[in-house]
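Q: What follows is a single structure, and I will ask about it in a moment.
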Amino acid sequence: MESFVREIKYHLETTLIPFWEGLRDDEYGGYYGYMDYDLRTDPFYEKGCILNSRILWFFSNAYLLLGKESLKEDAAHAYRFLREHCLDRECGGVFWSVTYDGQIQDDTKHTYNQAFAIYALSSYYKVVKDEEALKLAISLQRLIEERCTDSLGYLEAFTRDFKPVDNEKLSENGVIAEKTMNTLLHVFEAYTELYRVSGDEKVADRLRFMLGLMAGKVYNRRLGRQEVFFDREWNSLIDLYSYGHDIEAAWLIDRGLEVLGDPVYTEKLSPITKEITKNIYERAFYEGALLNEAEKGVPDTTRVWWVQAEGIVGFVNGYQKNFQNTAYLKAAESLWDYIAAHLIDRRDGSEWFWAADKNNLPIRKPIVEPWKCPYHNGRMCIEVIRRLGHDT
């Protein structure tokens with residue numbers, strides 16, 4: 001275990017942090033939004049607001065872990081760009097993306113995007129204790145509740161002035177979903193962090209509401225998995241098993257239960273997260289890595305970067321819930337070995353490949369783009385160090 005944690009900390013400090021610091025845009029603010037497979041950075045590519053929020057979260061938590069002042073300034077740089085360019089001062093909320101110089105590119109308002117801004121701002125507030133950051137996070141949480149909900153849960157895609165539109169941005173596999181497990185999970189994640197730093201009981205009440213949805217609507221008890229895409233009434237639209245989202249949900253729900261501290265919901269949800277973790281270990285952990293997903297029972301053998309990263313945290317979390325289950329710890333170490341061998345890009349000036357194919361060869365997708373960020377792999381490093389050996 002010690003070498004496992006030591007290697008991950010070394011990777012965080014010598015690869016991930018320097019890589020993302022190298023994408024800092026000191027002329028127009030924020031961080032560059034695109035690097036292709038051949039490591040060519042496009043300084044004029046749009047800047048995704050989800051990407052910027054995730055970078056803000058990453059540097060904030062890297063500072064909280066390591067205490068290096070340069071990381072606080074990296075976070076402040078992302079915060080200034082979010083505050084000055086990603087927030088819509090006219091209609092409220094966060095844009096989907098802006099141009100390289102901070103003008104509106106895509107003015108879609110998406111609940112998923114608002115959630116990541118809350119997540120990042122809450123962590124940044126923990127770093128600087130600046131009430132402005134906390135007030136922005138709370139205002140976005142209130143906006144979600146006022147503009148992005150119906151009586152059954154969270155709606156997702158809107159125009160700039162919050163008129164509903166088709167949810168193309170968070171729908172895949174040939175369906176257009178009005179509600180998704182993915183967005184619900186990340187609203188829950190964001191509210192968990194906001195409640196942790198604010199103690200706002202209104203946020204706690206919504207955490208309980210979402211836990212009820214996860215247990216009663218999203219989790220399929222018969223199949224031992226979460227459903228993924230839904231209509232407005234929470235009817236599943238497709239037979240899809242998202243292994244990465246399930247293992248991520250297991251530990252994020254457990255984190256939320258810990259922060260909320262409500263024994264009723266802990267008793268209700270803990271058996272579900274335990275079952276999800278067991279099923280992913282038995283069904284998706286294959287030849288030292290996690291498969292991507294299965295549609296209609298047919299597994300996708302692609303090894304996607306974020307799925308492996310979330311697998312490590314999920315299995316470490318499962319091990320911590322039952323230290324007798326050393327198989328989960330061994331699975332996490334095996335995933336790290338796979339990542340080190342096949343997903344970390346050893347070329348100078350890079351970080352991780354997007355994915356590896358069934359032959360463990362890298363897939364030629366961008367190294368950085370609006371969805372490829374330090375949130376999953378950086379967070380994995382931070383979680384492992386915090387959980388298994390901060391002083392290693």
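A note on labels: chains of the structure tokens are A, B, ... as shown, every chain counts residues from 1, and ligands are counted from 1 in their shown order.
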DSSP on the backbone: which residues in segment 198-307 of chain A end up as strand (DSSP E or B)? Give the answer as a PyMOL selection string.

A: chain A and resi 219-220+225-226+229-230+236+240-242+285-286+289-290+293-295+298-300+303-304

Q: Using only C-alpha atoms, which residues sit within 8 Å of Val187 of chain A once same-chain residues fewer than 6 positions away are excluded, as a PyMOL selection string?

A: chain A and resi 111-112+115-116

Q: Determine, counting only C-alpha atoms, which protein, DNA and RNA residues have an atom within 12 Å of an atom of Leu237 of chain A; residues of the same chain fewer than 4 positions away are not included. Present the result as a list in words.

A: Ser171, Glu172, Asn173, Gly174, Val175, Ile176, Ala177, Glu178, Lys179, Thr180, Met181, Val218, Glu227, Val228, Phe229, Phe230, Asp231, Arg232, Glu233, Glu295 and Lys296 of chain A

Q: I want to know what sits within 7 Å of segment 270-278 of chain A, based on only C-alpha atoms, with residues of the same chain fewer than 2 positions away left out; could you give that as a list in words?

A: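 Residues meeting the cut-off are Gly224, Arg225, Asp246, Ile247, Ala250, Asp254, Thr266, Glu267, Lys268, Ile280, Tyr281, Glu282 and Gly318 of chain A.
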
Q: Restricting the calculation to only C-alpha atoms: of A:Arg147, A:Arg6, A:Lys358, A:Arg89, which residue gets closest to Arg303 of chain A?

A: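 Of A:Arg147, A:Arg6, A:Lys358, A:Arg89, the one nearest Arg303 of chain A is A:Lys358, counting only C-alpha atoms.
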
Q: I'd like the contact shell of segment 240-243 of chain A - 6 Å cut-off, only C-alpha atoms, skipping same-chain residues fewer than 2 positions apart - returned as a PDB file with N, CA, C and O atoms, in the first residue's frame.

A:
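After the write, out31.pdb holds the following:
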```
ATOM      1  N   ILE A 238     -33.295   2.994 -21.863  1.00  0.00           N
ATOM      2  CA  ILE A 238     -32.365   2.137 -22.577  1.00  0.00           C
ATOM      3  C   ILE A 238     -31.742   1.135 -21.600  1.00  0.00           C
ATOM      4  O   ILE A 238     -31.557   1.450 -20.418  1.00  0.00           O
ATOM      5  N   HIS A 245     -19.844   5.124 -14.099  1.00  0.00           N
ATOM      6  CA  HIS A 245     -20.732   5.940 -13.283  1.00  0.00           C
ATOM      7  C   HIS A 245     -21.183   5.193 -12.035  1.00  0.00           C
ATOM      8  O   HIS A 245     -21.383   5.801 -10.977  1.00  0.00           O
ATOM      9  N   ASP A 246     -21.353   3.877 -12.145  1.00  0.00           N
ATOM     10  CA  ASP A 246     -21.785   3.134 -10.959  1.00  0.00           C
ATOM     11  C   ASP A 246     -20.720   3.139  -9.863  1.00  0.00           C
ATOM     12  O   ASP A 246     -21.031   3.379  -8.689  1.00  0.00           O
ATOM     13  N   ASN A 292     -15.813  -0.392 -19.969  1.00  0.00           N
ATOM     14  CA  ASN A 292     -16.459   0.906 -20.022  1.00  0.00           C
ATOM     15  C   ASN A 292     -17.939   0.838 -19.657  1.00  0.00           C
ATOM     16  O   ASN A 292     -18.386   1.470 -18.703  1.00  0.00           O
ATOM     17  N   GLU A 293     -18.712   0.057 -20.392  1.00  0.00           N
ATOM     18  CA  GLU A 293     -20.142  -0.039 -20.187  1.00  0.00           C
ATOM     19  C   GLU A 293     -20.655  -1.279 -20.908  1.00  0.00           C
ATOM     20  O   GLU A 293     -19.882  -1.964 -21.608  1.00  0.00           O
ATOM     21  N   ALA A 294     -21.941  -1.567 -20.743  1.00  0.00           N
ATOM     22  CA  ALA A 294     -22.571  -2.655 -21.479  1.00  0.00           C
ATOM     23  C   ALA A 294     -23.951  -2.194 -21.928  1.00  0.00           C
ATOM     24  O   ALA A 294     -24.765  -1.776 -21.093  1.00  0.00           O
ATOM     25  N   GLU A 295     -24.204  -2.226 -23.237  1.00  0.00           N
ATOM     26  CA  GLU A 295     -25.514  -1.906 -23.772  1.00  0.00           C
ATOM     27  C   GLU A 295     -26.187  -3.192 -24.224  1.00  0.00           C
ATOM     28  O   GLU A 295     -25.622  -3.966 -24.994  1.00  0.00           O
TER      29      GLU A 295
END
```

Q: Find the residue from A:Leu185, A:Leu223, A:Val368, A:Leu207 that sits nearest to Asp262 of chain A; use only C-alpha atoms when measuring.

A: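 Result for the nearest residue to Asp262 of chain A: A:Leu207.
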
Q: Report the distance between atom CA of Asn377 of chain A and atom CA of Gln114 of chain A in Å, rounded to one decimal place.

A: 21.4 Å

Q: Quick one: of A:Trp306, A:Tyr34, A:Phe59, A:Tyr79, who's nearest to Pro18 of chain A, counting only C-alpha atoms?

A: A:Phe59

Q: Using only C-alpha atoms, find each residue in segment 114-218 of chain A having at least one atom no more than 12 Å away from segment 62-70 of chain A; report its shortest atom-to-atom pair and that distance in Å (one decimal), rows by chain then rising number, as a tab-separated table.

A:
```
residue	atom	partner	partner_atom	distance
A:Ser123	CA	A:Leu64	CA	9.0
A:Tyr124	CA	A:Leu64	CA	9.5
A:Tyr125	CA	A:Leu64	CA	11.1
A:Lys126	CA	A:Leu64	CA	8.3
A:Val127	CA	A:Leu64	CA	6.7
A:Val128	CA	A:Leu64	CA	10.2
```

Q: Any chance you could export the current selection's all heavy atoms as a compact mmCIF listing (two decimals), in the first residue's frame?

A:
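What follows is the written file result.txt:
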```
# COMPACT_ATOMS: atom_id res chain seq x y z
N SER A 123 -15.18 24.41 -2.98
CA SER A 123 -13.81 24.05 -2.61
C SER A 123 -12.90 25.27 -2.55
O SER A 123 -12.04 25.38 -1.68
CB SER A 123 -13.26 23.03 -3.61
OG SER A 123 -13.78 21.75 -3.36
N TYR A 124 -13.09 26.19 -3.50
CA TYR A 124 -12.25 27.39 -3.50
C TYR A 124 -12.52 28.23 -2.25
O TYR A 124 -11.58 28.81 -1.67
CB TYR A 124 -12.51 28.22 -4.75
CG TYR A 124 -11.60 29.42 -4.88
CD1 TYR A 124 -10.23 29.27 -5.03
CD2 TYR A 124 -12.13 30.71 -4.83
CE1 TYR A 124 -9.39 30.37 -5.14
CE2 TYR A 124 -11.31 31.81 -4.93
CZ TYR A 124 -9.94 31.65 -5.08
OH TYR A 124 -9.12 32.74 -5.18
N TYR A 125 -13.77 28.28 -1.82
CA TYR A 125 -14.07 28.99 -0.58
C TYR A 125 -13.31 28.37 0.59
O TYR A 125 -12.81 29.09 1.46
CB TYR A 125 -15.58 28.94 -0.32
CG TYR A 125 -15.94 29.39 1.07
CD1 TYR A 125 -15.86 30.73 1.44
CD2 TYR A 125 -16.35 28.47 2.03
CE1 TYR A 125 -16.18 31.15 2.72
CE2 TYR A 125 -16.68 28.87 3.32
CZ TYR A 125 -16.58 30.21 3.66
OH TYR A 125 -16.89 30.62 4.94
N LYS A 126 -13.18 27.06 0.59
CA LYS A 126 -12.42 26.39 1.65
C LYS A 126 -10.97 26.84 1.66
O LYS A 126 -10.33 26.93 2.71
CB LYS A 126 -12.50 24.87 1.44
CG LYS A 126 -11.87 24.03 2.54
CD LYS A 126 -12.73 23.97 3.78
CE LYS A 126 -12.18 22.99 4.80
NZ LYS A 126 -12.94 22.97 6.04
N VAL A 127 -10.44 27.15 0.47
CA VAL A 127 -9.05 27.59 0.34
C VAL A 127 -8.86 29.01 0.84
O VAL A 127 -7.94 29.29 1.62
CB VAL A 127 -8.60 27.49 -1.14
CG1 VAL A 127 -7.24 28.16 -1.35
CG2 VAL A 127 -8.54 26.03 -1.57
N VAL A 128 -9.71 29.93 0.40
CA VAL A 128 -9.45 31.35 0.61
C VAL A 128 -10.37 32.00 1.64
O VAL A 128 -10.11 33.14 2.05
CB VAL A 128 -9.55 32.13 -0.73
CG1 VAL A 128 -8.50 31.64 -1.70
CG2 VAL A 128 -10.95 32.02 -1.34
```

Q: Residues near Asn113 of chain A, anyone? I mean within 9 Å using only C-alpha atoms, not counting same-chain ones fewer than 2 positions away, as number ranges by chain.

A: A: 49-50, 53, 93-96, 109-111, 115-118, 183
